[in-house]
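For reference, the structure is listed below as structure tokens.
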Amino acid sequence: MTSVFGPDTPCSSTKGWTGHTLGASGIVEAFIAGLCIRHGFVPGGLNLTRTDPEFRAAVLTDNATRTVRRVMSNAFGFGGINCCLVFGAPA
């Protein structure tokens, strides 16, 4: 992520908020992405207080409010099922 988008691109995880949703994780992330774009909300990692200092990405530990134009949702599941979806605000 950092190699492609740079170290200033915020990233977060919603798993702490939703838990193990297994087969529903994709749709849950899609709804969260839409809500983030609509409301200008970027969720911080729930109960995340510090990150590995060697990890170069801008991991959010607190919620943030800002304009959100695009969200990339990465789902890496059991058995090697991987999917990345990009959602964007209407033009």
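Going by the structure tokens order, chains are called A, B, ..., each with residues numbered from 1, while ligands are numbered from 1 in the order shown.
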Practice task
From a DSSP pass on the backbone, collect the residues of chain A flagged as strand (DSSP E or B) and hand them back as JSON, numbers by chain.
Solution key: {"A": [10, 11, 41, 42, 58, 59, 64, 65, 70, 71, 72, 73, 74, 75, 76, 82, 83, 84, 85, 86, 87, 88]}
Suppose we keep C-alpha atoms; can you now write the selection as a CSV table (one decimal), in the first residue's frame?
```csv
chain,number,residue,atom,x,y,z
A,10,PRO,CA,-4.4,7.0,5.7
A,11,CYS,CA,-5.2,3.4,6.4
A,41,PHE,CA,-15.4,9.8,8.2
A,42,VAL,CA,-12.3,7.8,8.5
A,58,ALA,CA,-0.2,6.1,8.1
A,59,VAL,CA,-2.3,3.8,10.3
A,64,ALA,CA,-10.9,11.4,11.7
A,65,THR,CA,-13.2,13.7,9.9
A,70,ARG,CA,-12.1,7.1,-2.6
A,71,VAL,CA,-11.9,4.0,-0.3
A,72,MET,CA,-10.0,0.8,-1.0
A,73,SER,CA,-11.3,-2.2,0.8
A,74,ASN,CA,-8.9,-5.2,1.1
A,75,ALA,CA,-10.3,-8.5,2.1
A,76,PHE,CA,-7.9,-11.4,2.6
A,82,ASN,CA,-8.3,-12.2,-1.7
A,83,CYS,CA,-10.2,-9.2,-3.1
A,84,CYS,CA,-9.6,-5.5,-3.3
A,85,LEU,CA,-12.5,-3.1,-4.2
A,86,VAL,CA,-12.2,0.6,-4.8
A,87,PHE,CA,-15.2,2.8,-4.1
A,88,GLY,CA,-15.5,6.4,-5.1
```
Practice task
as a list in words, list the residues of chain A assigned to alpha helix (DSSP H) by DSSP on the backbone atoms of this structure.
Solution key: Thr2, Ser3, Val4, Phe5, Lys15, Gly16, Trp17, Thr18, Ser25, Gly26, Ile27, Val28, Glu29, Ala30, Phe31, Ile32, Ala33, Gly34, Leu35, Cys36, Ile37, Arg38 and His39 of chain A
Exercise for the section: List the neighbours of Arg69 in chain A out to 10 Å using only C-alpha atoms; skip same-chain residues closer than 6 positions along the sequence, and give me the result as a list in words. Expected result: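 My list of contacting residues is Cys36, Ile37, Arg38, Gly40, Phe87, Gly88, Ala89, Pro90 and Ala91 of chain A.
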Handout entry: Nearest to Pro7 in chain A by atom-to-atom distance, counting only C-alpha atoms, from A:Arg66, A:Arg56, A:His39, A:His20
Key = A:Arg56
Exercise for the section: Quick one: pull the distance between CA of Gly6 in chain A and CA of Thr49 in chain A, Å, one decimal. Expected result: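 Atom-to-atom, CA of Gly6 in chain A to CA of Thr49 in chain A, that is 22.4 Å.
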Exercise for the section: Would you mind listing what lies within 12 Å of Leu22 in chain A as a list in words, with only C-alpha atoms counted and same-chain residues fewer than 3 positions away left out? Expected result: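 The residues that qualify are Lys15, Thr18, Gly19, Ser25, Gly26, Ile27, Val28, Glu29, Ala75, Phe76, Gly77, Phe78 and Ile81 of chain A.
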Practice task
Just give me the gap between CA of Ile32 in chain A and CA of Val4 in chain A in Å, one decimal is fine.
Solution key: 22.9 Å
